[in-house]
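So this block is input-v9.txt, compact mmCIF, C-alpha atoms:
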```txt
# COMPACT_ATOMS: atom_id res chain seq x y z
CA MET L 1 -28.11 8.92 69.90
CA SER L 2 -29.58 11.72 72.02
CA PHE L 3 -31.70 10.78 75.00
CA LEU L 4 -34.67 13.04 74.30
CA SER L 5 -34.94 11.97 70.66
CA SER L 6 -34.69 8.30 71.69
CA LEU L 7 -37.39 8.52 74.35
CA PRO L 8 -40.79 8.65 72.57
CA GLY L 9 -42.28 5.15 72.65
CA ALA L 10 -39.12 3.63 74.11
CA VAL L 11 -38.89 0.67 76.47
CA VAL L 12 -36.10 1.74 78.81
CA MET L 13 -34.01 -0.82 80.66
CA ALA L 14 -34.11 0.17 84.34
CA PRO L 15 -31.13 0.88 86.58
CA MET L 16 -30.85 -2.25 88.71
CA THR L 17 -28.05 -3.09 91.08
CA LYS L 18 -26.55 -6.32 89.72
CA GLY L 19 -29.25 -6.65 87.05
CA SER L 20 -27.95 -3.85 84.83
CA ASN L 21 -24.44 -5.27 84.56
CA LEU L 22 -22.70 -4.45 81.30
CA PRO L 23 -22.88 -7.90 79.63
CA TYR L 24 -26.58 -8.19 80.44
CA ARG L 25 -27.18 -4.76 78.92
CA ARG L 26 -25.36 -5.97 75.81
CA LEU L 27 -27.65 -8.99 75.60
CA CYS L 28 -30.67 -6.72 75.86
CA ILE L 29 -29.26 -4.45 73.15
CA GLU L 30 -28.99 -7.46 70.84
CA LEU L 31 -32.64 -8.12 71.62
CA GLY L 32 -33.80 -4.60 70.81
CA ALA L 33 -33.12 -2.35 73.83
CA ARG L 34 -32.36 1.22 72.75
CA VAL L 35 -32.23 3.22 76.01
CA LEU L 36 -30.37 1.69 78.97
CA VAL L 37 -29.23 2.82 82.40
CA SER L 38 -26.26 1.75 84.48
CA GLU L 39 -26.34 0.16 87.87
CA MET L 40 -26.63 2.81 90.58
CA ALA L 41 -23.30 4.51 91.34
CA VAL L 42 -22.81 6.40 94.60
CA ALA L 43 -21.31 9.86 94.06
CA ARG L 44 -19.18 9.82 97.20
CA ARG L 45 -17.65 6.44 96.33
CA LEU L 46 -16.78 7.79 92.89
CA LYS L 47 -15.05 10.75 94.49
CA GLN L 48 -13.13 8.32 96.71
CA LYS L 49 -11.91 6.69 93.46
CA ARG L 50 -13.25 3.26 94.36
CA ARG L 51 -12.44 1.07 91.40
CA GLY L 52 -15.64 -0.97 91.56
CA GLU L 53 -17.78 2.16 91.55
CA TRP L 54 -15.96 3.66 88.57
CA ALA L 55 -16.55 0.41 86.68
CA LEU L 56 -20.31 1.06 86.90
CA LEU L 57 -19.88 4.08 84.60
CA ARG L 58 -18.43 2.01 81.78
CA ARG L 59 -20.42 2.19 78.58
CA ALA L 60 -20.66 -0.83 76.29
CA PRO L 61 -19.20 -0.20 72.81
CA ASP L 62 -22.53 -0.98 71.15
CA GLU L 63 -24.75 0.94 73.59
CA PRO L 64 -27.11 3.19 71.55
CA CYS L 65 -28.30 5.50 74.35
CA PHE L 66 -26.72 5.11 77.77
CA GLY L 67 -27.56 6.81 81.04
CA VAL L 68 -25.72 6.73 84.36
CA GLN L 69 -27.76 6.72 87.56
CA LEU L 70 -26.20 8.45 90.55
CA ALA L 71 -27.05 8.37 94.24
CA GLY L 72 -26.05 11.09 96.66
CA ASN L 73 -27.52 13.96 98.67
CA LYS L 74 -25.02 16.79 98.30
CA PRO L 75 -25.34 19.16 95.32
CA ASP L 76 -21.59 19.63 94.87
CA GLU L 77 -20.82 15.88 94.97
CA LEU L 78 -23.57 15.02 92.53
CA ALA L 79 -22.58 17.85 90.19
CA TRP L 80 -18.99 16.54 90.17
CA ALA L 81 -20.18 12.96 89.60
CA ALA L 82 -22.50 14.06 86.78
CA ALA L 83 -19.60 15.76 85.01
CA LEU L 84 -17.57 12.57 85.42
CA ALA L 85 -20.39 10.46 83.96
CA GLU L 86 -20.71 12.81 81.00
CA ALA L 87 -16.96 12.69 80.41
CA ARG L 88 -17.12 8.89 80.36
CA GLY L 89 -19.80 8.84 77.68
CA ALA L 90 -23.20 9.10 79.37
CA ASP L 91 -25.98 10.46 77.16
CA PHE L 92 -27.96 11.46 80.26
CA VAL L 93 -27.54 11.36 84.03
CA ASP L 94 -30.30 10.17 86.35
CA VAL L 95 -30.72 10.99 90.04
CA ASN L 96 -31.79 8.13 92.27
CA LEU L 97 -34.76 9.18 94.39
CA GLY L 98 -36.29 5.74 94.84
CA CYS L 99 -33.83 3.19 96.25
CA PRO L 100 -35.69 1.61 99.19
CA ILE L 101 -32.78 -0.29 100.76
CA ASP L 102 -32.19 0.54 104.42
CA HIS L 103 -28.42 0.78 103.99
CA PHE L 104 -28.87 3.71 101.61
CA THR L 105 -31.91 5.39 103.12
CA ARG L 106 -30.14 5.59 106.50
CA MET L 107 -27.52 7.72 104.74
CA GLY L 108 -30.20 10.01 103.33
CA LEU L 109 -29.98 8.59 99.81
CA GLY L 110 -32.59 7.27 97.39
CA ALA L 111 -36.13 7.25 98.74
CA ALA L 112 -35.00 9.17 101.84
CA LEU L 113 -33.76 12.07 99.74
CA ALA L 114 -37.13 12.14 97.95
CA ARG L 115 -38.72 13.32 101.21
CA GLN L 116 -36.98 16.68 100.68
CA PRO L 117 -38.28 18.23 97.41
CA ASN L 118 -36.47 21.54 97.95
CA ARG L 119 -33.15 19.77 98.38
CA VAL L 120 -33.87 17.75 95.25
CA ARG L 121 -34.47 20.99 93.32
CA ARG L 122 -31.09 22.36 94.44
CA ILE L 123 -29.33 19.12 93.53
CA VAL L 124 -30.81 19.07 90.03
CA GLU L 125 -29.91 22.74 89.56
CA ALA L 126 -26.28 22.05 90.49
CA MET L 127 -26.08 19.04 88.18
CA ARG L 128 -27.65 20.93 85.26
CA ALA L 129 -25.03 23.65 85.68
CA ALA L 130 -22.23 21.09 85.54
CA VAL L 131 -23.14 19.17 82.37
CA SER L 132 -24.58 19.60 78.89
CA VAL L 133 -26.45 16.27 78.78
CA PRO L 134 -29.99 15.97 80.22
CA ILE L 135 -30.50 15.43 83.93
CA THR L 136 -33.40 13.14 84.83
CA VAL L 137 -34.82 11.81 88.10
CA LYS L 138 -36.41 8.50 89.07
CA ILE L 139 -38.96 8.69 91.85
CA ARG L 140 -41.48 6.58 93.73
CA LEU L 141 -44.92 7.69 94.85
CA GLY L 142 -43.65 8.54 98.33
CA TRP L 143 -42.22 7.10 101.51
CA ASN L 144 -45.36 5.22 102.57
CA ARG L 145 -49.12 5.31 102.04
CA ASP L 146 -49.43 8.26 104.42
CA THR L 147 -46.62 10.27 102.79
CA ARG L 148 -47.20 10.38 99.05
CA ASN L 149 -45.44 13.46 97.73
CA TYR L 150 -44.90 12.45 94.10
CA LEU L 151 -46.54 15.51 92.55
CA ALA L 152 -44.57 17.97 94.71
CA LEU L 153 -41.37 16.02 94.13
CA ALA L 154 -41.86 15.92 90.35
CA ALA L 155 -42.58 19.66 90.30
CA ALA L 156 -39.45 20.43 92.31
CA ALA L 157 -37.28 18.33 89.99
CA VAL L 158 -38.66 20.14 86.94
CA GLU L 159 -38.09 23.51 88.59
CA GLY L 160 -34.48 22.48 89.09
CA GLY L 161 -34.10 21.64 85.41
CA ALA L 162 -34.88 17.91 85.12
CA MET L 163 -35.68 17.10 81.51
CA ALA L 164 -37.54 13.84 82.16
CA ILE L 165 -39.00 11.99 85.15
CA THR L 166 -39.35 8.26 85.66
CA VAL L 167 -42.09 7.22 88.08
CA HIS L 168 -42.09 3.81 89.75
CA GLY L 169 -45.71 3.41 90.76
CA ARG L 170 -45.14 2.26 94.33
CA THR L 171 -44.11 3.80 97.64
CA ARG L 172 -40.89 2.90 99.38
CA GLU L 173 -42.86 0.96 102.00
CA ALA L 174 -44.79 -1.06 99.41
CA ARG L 175 -41.68 -2.53 97.75
CA TYR L 176 -43.15 -5.24 95.44
CA ARG L 177 -46.00 -6.38 97.67
CA HIS L 178 -48.67 -4.49 95.70
CA PRO L 179 -49.30 -3.82 92.01
CA ALA L 180 -47.91 -0.62 90.52
CA GLU L 181 -50.36 2.29 90.57
CA TRP L 182 -50.53 3.47 86.98
CA ASP L 183 -53.26 6.02 87.77
CA ALA L 184 -50.73 7.86 89.95
CA ILE L 185 -48.10 7.62 87.21
CA ALA L 186 -50.61 9.17 84.82
CA GLU L 187 -51.17 12.02 87.30
CA VAL L 188 -47.51 12.94 87.08
CA ALA L 189 -47.56 12.72 83.28
CA ALA L 190 -50.48 15.16 83.21
CA ALA L 191 -48.92 17.53 85.74
CA VAL L 192 -45.42 18.21 84.42
CA PRO L 193 -44.21 19.74 81.12
CA VAL L 194 -41.41 17.19 80.57
CA PRO L 195 -41.56 13.57 79.34
CA VAL L 196 -42.56 10.99 81.94
CA VAL L 197 -41.41 7.37 81.87
CA GLY L 198 -43.78 4.93 83.61
CA ASN L 199 -42.39 1.96 85.50
CA GLY L 200 -44.13 -1.03 87.05
CA ASP L 201 -45.27 -4.61 86.36
CA LEU L 202 -44.72 -4.77 82.58
CA LEU L 203 -44.08 -8.29 81.31
CA PHE L 204 -45.71 -8.60 77.87
CA ALA L 205 -45.91 -6.45 74.74
CA HIS L 206 -49.64 -5.79 74.99
CA GLU L 207 -49.15 -4.40 78.52
CA ILE L 208 -46.49 -2.03 77.24
CA GLN L 209 -48.71 -0.79 74.42
CA GLU L 210 -51.69 -0.36 76.73
CA ARG L 211 -49.70 1.73 79.23
CA LEU L 212 -48.21 3.89 76.50
CA ALA L 213 -51.68 4.49 75.09
CA THR L 214 -53.48 5.26 78.35
CA SER L 215 -51.02 6.78 80.83
CA GLY L 216 -49.82 9.85 78.99
CA CYS L 217 -46.24 8.63 79.41
CA ALA L 218 -43.71 9.24 76.67
CA ALA L 219 -42.01 5.90 77.38
CA VAL L 220 -42.03 2.98 79.80
CA MET L 221 -39.30 1.33 81.84
CA VAL L 222 -38.88 -2.38 82.58
CA ALA L 223 -36.95 -3.91 85.48
CA ARG L 224 -38.16 -7.38 86.51
CA GLY L 225 -39.61 -7.83 83.02
CA ALA L 226 -36.13 -7.52 81.51
CA LEU L 227 -34.64 -9.90 84.08
CA ILE L 228 -37.28 -12.59 83.57
CA LYS L 229 -37.32 -12.29 79.77
CA PRO L 230 -34.61 -10.15 78.13
CA TRP L 231 -36.43 -10.56 74.81
CA ILE L 232 -39.16 -8.21 76.10
CA PHE L 233 -37.52 -5.46 74.05
CA ARG L 234 -37.99 -7.42 70.82
CA GLU L 235 -41.56 -8.25 71.78
CA ALA L 236 -42.31 -4.55 72.31
CA THR L 237 -41.82 -3.89 68.60
CA GLU L 238 -42.57 -7.27 67.01
CA GLY L 239 -45.29 -8.68 69.26
CA TYR L 240 -45.44 -11.75 71.46
CA TRP L 241 -42.67 -14.29 70.90
CA ASP L 242 -43.72 -17.83 71.77
CA ILE L 243 -40.13 -18.65 72.51
CA THR L 244 -39.05 -22.27 72.79
CA ALA L 245 -36.90 -23.66 75.57
CA GLU L 246 -34.08 -24.19 73.06
CA GLU L 247 -34.27 -20.55 71.97
CA ARG L 248 -34.20 -19.43 75.60
CA LEU L 249 -31.17 -21.60 76.28
CA ALA L 250 -29.36 -20.04 73.31
CA LEU L 251 -29.98 -16.57 74.77
CA TYR L 252 -28.71 -17.66 78.17
CA ARG L 253 -25.57 -19.07 76.55
CA ARG L 254 -25.14 -15.78 74.73
CA TYR L 255 -25.17 -13.95 78.06
CA VAL L 256 -22.43 -16.26 79.32
CA ALA L 257 -20.36 -15.50 76.20
CA LEU L 258 -20.77 -11.75 76.73
CA ALA L 259 -19.98 -12.13 80.43
CA ARG L 260 -16.84 -14.13 79.62
CA GLU L 261 -15.77 -11.33 77.33
CA HIS L 262 -16.38 -8.83 80.13
CA TRP L 263 -14.75 -10.72 83.02
CA GLY L 264 -12.30 -12.86 81.07
CA GLN L 265 -8.60 -12.25 80.56
CA ARG L 266 -8.20 -9.81 77.73
CA GLY L 267 -6.44 -11.14 74.69
CA VAL L 268 -6.47 -14.75 75.95
CA ARG L 269 -9.00 -17.11 74.42
CA HIS L 270 -9.61 -20.79 73.93
CA GLY L 271 -11.81 -22.72 71.54
CA SER L 272 -12.19 -23.18 67.82
CA ASP L 273 -11.21 -20.38 65.51
CA THR L 274 -13.71 -21.45 62.87
CA GLY L 275 -17.45 -21.29 62.65
CA GLN L 276 -19.90 -18.65 63.80
CA THR L 277 -22.68 -18.45 66.31
CA GLU L 278 -25.60 -16.11 65.86
CA VAL L 279 -28.06 -15.09 68.56
CA GLY L 280 -30.36 -12.11 68.30
CA GLY L 281 -29.04 -11.32 64.82
CA VAL L 282 -25.44 -10.83 66.01
CA SER L 283 -22.59 -13.03 64.77
CA ASP L 284 -19.68 -13.82 67.02
CA PRO L 285 -16.63 -16.05 66.54
CA CYS L 286 -16.60 -19.30 68.50
CA LEU L 287 -13.78 -18.11 70.70
CA THR L 288 -14.15 -17.96 74.44
CA PRO L 289 -12.09 -15.62 76.65
CA LEU L 290 -10.33 -17.52 79.43
CA LEU L 291 -11.43 -16.87 82.99
CA ASP L 292 -9.03 -16.70 85.90
CA ASP L 293 -10.34 -17.73 89.32
CA TYR L 294 -11.59 -14.24 90.12
CA GLY L 295 -13.36 -13.90 86.77
CA ARG L 296 -15.02 -17.29 87.13
CA VAL L 297 -16.27 -16.47 90.63
CA ARG L 298 -17.66 -13.13 89.46
CA LEU L 299 -19.32 -14.61 86.40
CA ARG L 300 -20.88 -17.44 88.39
CA GLU L 301 -22.19 -15.02 91.01
CA PHE L 302 -23.99 -12.94 88.40
CA LEU L 303 -25.10 -15.93 86.33
CA ARG L 304 -26.62 -17.73 89.32
CA TRP L 305 -28.49 -14.55 90.22
CA HIS L 306 -29.87 -14.22 86.68
CA VAL L 307 -30.90 -17.88 86.55
CA GLY L 308 -33.04 -17.17 89.63
CA PHE L 309 -35.07 -14.75 87.50
CA TRP L 310 -35.04 -16.68 84.21
CA CYS L 311 -36.84 -19.60 85.88
CA ARG L 312 -39.86 -17.35 86.47
CA TYR L 313 -40.76 -17.13 82.79
CA ALA L 314 -44.08 -18.64 81.72
CA PRO L 315 -45.63 -18.31 78.24
CA GLN L 316 -49.13 -17.25 77.27
CA ARG L 317 -51.68 -19.69 78.70
CA PRO L 318 -53.45 -22.17 76.40
CA ASP L 319 -56.75 -20.31 76.92
CA GLY L 320 -55.22 -17.09 75.56
CA THR L 321 -54.85 -15.29 78.89
CA TRP L 322 -51.54 -14.06 80.24
CA PRO L 323 -49.40 -14.62 83.34
CA ALA L 324 -49.15 -11.59 85.61
CA MET L 325 -46.03 -10.08 87.11
CA GLN L 326 -47.35 -10.18 90.66
CA THR L 327 -48.42 -13.84 90.70
CA ARG L 328 -46.56 -17.07 90.02
CA GLU L 329 -47.80 -19.52 87.38
CA SER L 330 -48.58 -22.60 89.44
CA ALA L 331 -50.61 -24.18 86.60
CA PHE L 332 -47.92 -23.77 83.91
CA GLU L 333 -47.46 -27.06 82.03
CA PRO L 334 -43.98 -27.30 80.47
CA ARG L 335 -43.99 -28.35 76.83
CA SER L 336 -40.67 -30.23 76.89
CA PRO L 337 -38.21 -31.69 79.39
CA LEU L 338 -35.89 -28.72 78.84
CA GLU L 339 -38.69 -26.24 79.48
CA ALA L 340 -39.55 -28.16 82.65
CA LEU L 341 -35.93 -27.88 83.81
CA LEU L 342 -35.78 -24.15 83.04
CA ALA L 343 -38.95 -23.64 85.10
CA ARG L 344 -37.62 -25.33 88.22
CA THR L 345 -37.01 -23.08 91.22
CA ASP L 346 -35.17 -25.45 93.55
CA ASP L 347 -31.53 -24.79 94.41
CA ALA L 348 -30.34 -28.06 92.91
CA ALA L 349 -31.75 -27.18 89.50
CA LEU L 350 -30.64 -23.56 89.58
CA ASP L 351 -27.10 -24.54 90.53
CA TYR L 352 -27.04 -27.25 87.87
CA ILE L 353 -28.20 -24.86 85.14
CA THR L 354 -25.68 -22.23 86.28
CA ASP L 355 -22.73 -24.60 86.28
CA ARG L 356 -23.64 -26.26 82.96
CA LEU L 357 -23.96 -22.85 81.29
CA LEU L 358 -20.70 -21.73 82.84
CA ASP L 359 -18.90 -24.88 81.61
CA GLU L 360 -20.60 -24.74 78.19
CA GLY L 361 -22.10 -28.17 78.79
CA ASP L 362 -25.41 -29.78 77.92
CA LEU L 363 -28.38 -29.95 80.28
CA ASP L 364 -29.33 -33.56 79.65
CA HIS L 365 -28.96 -34.95 83.18
CA PRO L 366 -30.74 -32.66 85.66
CA PRO L 367 -30.61 -33.50 89.37
CA PRO L 368 -33.59 -34.66 91.41
CA ALA L 369 -35.78 -31.89 92.73
CA GLY L 370 -34.61 -30.31 95.95
CA GLU L 371 -35.82 -27.54 98.21
CA ARG L 372 -37.17 -24.44 96.54
CA ALA L 373 -34.64 -21.63 96.34
CA ALA L 374 -35.07 -18.36 98.16
CA GLU L 375 -36.30 -15.47 96.06
CA PRO L 376 -33.42 -13.60 94.41
CA ASP L 377 -33.04 -10.06 95.65
CA LEU L 378 -33.98 -7.42 93.12
CA VAL L 379 -32.41 -4.14 94.07
CA GLU L 380 -34.00 -1.71 91.68
CA ALA L 381 -31.79 1.28 91.90
CA GLY L 382 -34.49 3.84 91.32
```
Kindly present the structure from the file in structure tokens form.
Amino acid sequence: MSFLSSLPGAVVMAPMTKGSNLPYRRLCIELGARVLVSEMAVARRLKQKRRGEWALLRRAPDEPCFGVQLAGNKPDELAWAAALAEARGADFVDVNLGCPIDHFTRMGLGAALARQPNRVRRIVEAMRAAVSVPITVKIRLGWNRDTRNYLALAAAAVEGGAMAITVHGRTREARYRHPAEWDAIAEVAAAVPVPVVGNGDLLFAHEIQERLATSGCAAVMVARGALIKPWIFREATEGYWDITAEERLALYRRYVALAREHWGQRGVRHGSDTGQTEVGGVSDPCLTPLLDDYGRVRLREFLRWHVGFWCRYAPQRPDGTWPAMQTRESAFEPRSPLEALLARTDDAALDYITDRLLDEGDLDHPPPAGERAAEPDLVEAG
């Protein structure tokens, strides 16, 4: 499926370090995602043939439209990496101009590169010359509130040949401390002749529809929204899903099954060879790939991280109003003991849920409440 034909009205799954892992993308596909982006891959590490970096380019077999996001600051390296991504099945290649993490900005990558529009133009030109698939860029509004160069940066990317621009409506300095500025996103959409994808604070279907209708964007992108509730993609087309705790648990178990398939020993399975499970409209045999010690550690690491986002879900309030992305629902009243457990944010509960999901066990005996867990780190690649 071509990227440009897939884009109008799409809800794109954002490139997120850790969050956009292949089994989680597969879960989101089962729940309606149609355009997805890899975790950020660093061009230089790819050229150094680092195995872990090459793994980030892997496309899931059922991925309808898949993009690879690259970080780098040298035109020749990024052109080489773009050609590699295309050869490995990418439908489009995105340039990271928004990563705020100090480790990368000190190297001149991500948001630091975005301070140099002319260099960005040359990079996009080199990448366009190296591939036949579209080159896109993902930007922020600027480095800080005093250096907001998003219009100049977007123009430079288009001059270089970018065929779409994603705008995260915050500066690098702002991180997630302030709401996304959709007025600024709309400015970019009005200023450039290519499709713009708006990104920031989308958690419910009505918010997606409102932003599509008012911003001038061709599509929207979700990051935290997809981590908190992977069924956001289904909601975008079918409307609000008043999902039960049991339905949520089934989706979480489905992620574990997909993750076992990804990190498990190939060709080695245990479990019954009869019966079927069905989640999100997809049937799968009740066979579980075996995990060696390394696979179990990897799966648990990712699962525990995801559980730290899943606990943030809260449904529509009884008075008809909606939770907001930027505030926590302190008044949320769980409707069942399982929903109460899934809403807990203390380490004891999060570890318990993680280990019971990993061991395919029930959740009938939760531990006493402990200290609240630290916020999980969201490293949004763009």
List as CSV every residue of range 318-348 of chain L that is in contact with range 220-240 of chain L, defined as an atom at most 12 Å from one of its atoms (using only C-alpha atoms), together with the nearest atom pair and the distance in Å rounded to one decimal, sorted by chain and then rising number.
```
residue,atom,partner,partner_atom,distance
L:Gly320,CA,L:Tyr240,CA,11.9
L:Trp322,CA,L:Tyr240,CA,10.9
L:Pro323,CA,L:Gly225,CA,11.9
L:Ala324,CA,L:Gly225,CA,10.6
L:Met325,CA,L:Gly225,CA,7.9
L:Gln326,CA,L:Arg224,CA,10.5
L:Leu342,CA,L:Ile228,CA,11.7
L:Ala343,CA,L:Ile228,CA,11.3
```
Self-check item: Residue with smallest distance to Arg145 in chain L - pool L:Ala259, L:Ala174, L:Cys65, L:Leu251, counting only C-alpha atoms
Solution: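 Counting only C-alpha atoms, the residue closest to Arg145 in chain L is L:Ala174.
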Exercise. Please identify all polymer residues within 7 Å of range 103-111 of chain L, counting all atoms listed in the file, omitting same-chain residues fewer than 2 positions from it, and present them as a PyMOL selection string.
Key: chain L and resi 71-73+96-101+113-114+143+172
For range 298-304 of chain L, I'd like the enclosing box, axis-aligned and padded by 5 Å on every side, reported as JSON with centre and edge lengths in Å to one decimal.
```
{"center_x": -22.1, "center_y": -15.3, "center_z": 88.7, "size_x": 19.0, "size_y": 14.8, "size_z": 14.7}
```
Self-check item: L:Gly295, L:Pro134, L:Gly52, L:Gly9 ranked by distance to Gly198 in chain L, top pick (using all atoms listed in the file)
Solution: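 Once distances to Gly198 in chain L are computed over all atoms listed in the file, the minimum belongs to L:Gly9.
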Self-check item: Contacts of Glu63 in chain L within 8 Å, all atoms listed in the file, excl. fewer than 6 positions in-chain, as a ChimeraX atom specification
Solution: /L:26,29,34,36
Give me the residues within 6 Å of range 84-93 of chain L as a PDB file with C-alpha atoms, keeping the file's coordinate frame, counting only C-alpha atoms and dropping any in the same chain fewer than 3 places off.
```pdb
ATOM      1  CA  PHE L  66     -26.720   5.110  77.770  1.00  0.00           C
ATOM      2  CA  GLY L  67     -27.560   6.810  81.040  1.00  0.00           C
ATOM      3  CA  VAL L  68     -25.720   6.730  84.360  1.00  0.00           C
ATOM      4  CA  GLN L  69     -27.760   6.720  87.560  1.00  0.00           C
ATOM      5  CA  ALA L  81     -20.180  12.960  89.600  1.00  0.00           C
ATOM      6  CA  VAL L 133     -26.450  16.270  78.780  1.00  0.00           C
ATOM      7  CA  PRO L 134     -29.990  15.970  80.220  1.00  0.00           C
ATOM      8  CA  ILE L 135     -30.500  15.430  83.930  1.00  0.00           C
TER       9      ILE L 135
END
```
Quiz item: From the list L:Ala154, L:Asp346, L:Leu78, L:Leu202, which residue is nearest Gly370 in chain L when using all atoms listed in the file?
Solution: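 Of the candidates, the smallest distance to Gly370 in chain L is held by L:Asp346.
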Can range 248-255 of chain L be brought up to all heavy atoms and written out as a short mmCIF file (atom, residue, chain, number, x, y, z; two decimals), in the frame of the given file?
```
data_model
loop_
_atom_site.label_atom_id
_atom_site.label_comp_id
_atom_site.auth_asym_id
_atom_site.auth_seq_id
_atom_site.Cartn_x
_atom_site.Cartn_y
_atom_site.Cartn_z
N ARG L 248 -34.58 -20.05 74.32
CA ARG L 248 -34.20 -19.43 75.60
C ARG L 248 -32.79 -19.83 76.00
O ARG L 248 -31.98 -18.98 76.39
CB ARG L 248 -35.19 -19.83 76.69
CG ARG L 248 -36.56 -19.19 76.58
CD ARG L 248 -37.53 -19.81 77.58
NE ARG L 248 -37.07 -19.63 78.96
CZ ARG L 248 -37.58 -20.28 80.00
NH1 ARG L 248 -38.55 -21.19 79.82
NH2 ARG L 248 -37.13 -20.05 81.23
N LEU L 249 -32.49 -21.11 75.89
CA LEU L 249 -31.17 -21.60 76.28
C LEU L 249 -30.08 -20.92 75.45
O LEU L 249 -29.01 -20.57 75.97
CB LEU L 249 -31.11 -23.12 76.12
CG LEU L 249 -29.80 -23.79 76.55
CD1 LEU L 249 -29.49 -23.50 78.01
CD2 LEU L 249 -29.89 -25.30 76.31
N ALA L 250 -30.35 -20.72 74.16
CA ALA L 250 -29.36 -20.04 73.31
C ALA L 250 -29.11 -18.62 73.79
O ALA L 250 -27.96 -18.13 73.77
CB ALA L 250 -29.85 -20.04 71.86
N LEU L 251 -30.16 -17.93 74.24
CA LEU L 251 -29.98 -16.57 74.77
C LEU L 251 -29.18 -16.59 76.07
O LEU L 251 -28.33 -15.72 76.29
CB LEU L 251 -31.34 -15.91 75.00
CG LEU L 251 -32.19 -15.65 73.76
CD1 LEU L 251 -33.51 -14.98 74.17
CD2 LEU L 251 -31.45 -14.77 72.76
N TYR L 252 -29.44 -17.56 76.91
CA TYR L 252 -28.71 -17.66 78.17
C TYR L 252 -27.22 -17.95 77.89
O TYR L 252 -26.33 -17.40 78.56
CB TYR L 252 -29.30 -18.73 79.06
CG TYR L 252 -30.77 -18.55 79.36
CD1 TYR L 252 -31.57 -19.64 79.72
CD2 TYR L 252 -31.39 -17.31 79.27
CE1 TYR L 252 -32.93 -19.49 80.00
CE2 TYR L 252 -32.74 -17.14 79.53
CZ TYR L 252 -33.50 -18.25 79.89
OH TYR L 252 -34.84 -18.09 80.15
N ARG L 253 -26.97 -18.80 76.91
CA ARG L 253 -25.57 -19.07 76.55
C ARG L 253 -24.92 -17.81 75.98
O ARG L 253 -23.72 -17.58 76.18
CB ARG L 253 -25.51 -20.22 75.54
CG ARG L 253 -25.89 -21.58 76.11
CD ARG L 253 -25.52 -22.69 75.15
NE ARG L 253 -26.05 -23.98 75.55
CZ ARG L 253 -25.53 -24.77 76.50
NH1 ARG L 253 -24.45 -24.36 77.17
NH2 ARG L 253 -26.07 -25.94 76.77
N ARG L 254 -25.69 -17.02 75.27
CA ARG L 254 -25.14 -15.78 74.73
C ARG L 254 -24.74 -14.83 75.86
O ARG L 254 -23.70 -14.18 75.78
CB ARG L 254 -26.16 -15.11 73.80
CG ARG L 254 -25.72 -13.78 73.22
CD ARG L 254 -24.46 -13.90 72.40
NE ARG L 254 -24.07 -12.63 71.82
CZ ARG L 254 -22.83 -12.32 71.44
NH1 ARG L 254 -21.85 -13.19 71.58
NH2 ARG L 254 -22.57 -11.13 70.93
N TYR L 255 -25.55 -14.78 76.91
CA TYR L 255 -25.17 -13.95 78.06
C TYR L 255 -23.85 -14.43 78.65
O TYR L 255 -22.97 -13.61 78.96
CB TYR L 255 -26.24 -13.97 79.15
CG TYR L 255 -25.75 -13.29 80.42
CD1 TYR L 255 -25.53 -11.92 80.45
CD2 TYR L 255 -25.47 -14.04 81.56
CE1 TYR L 255 -25.03 -11.29 81.59
CE2 TYR L 255 -24.97 -13.42 82.70
CZ TYR L 255 -24.76 -12.05 82.71
OH TYR L 255 -24.26 -11.45 83.83
#
```
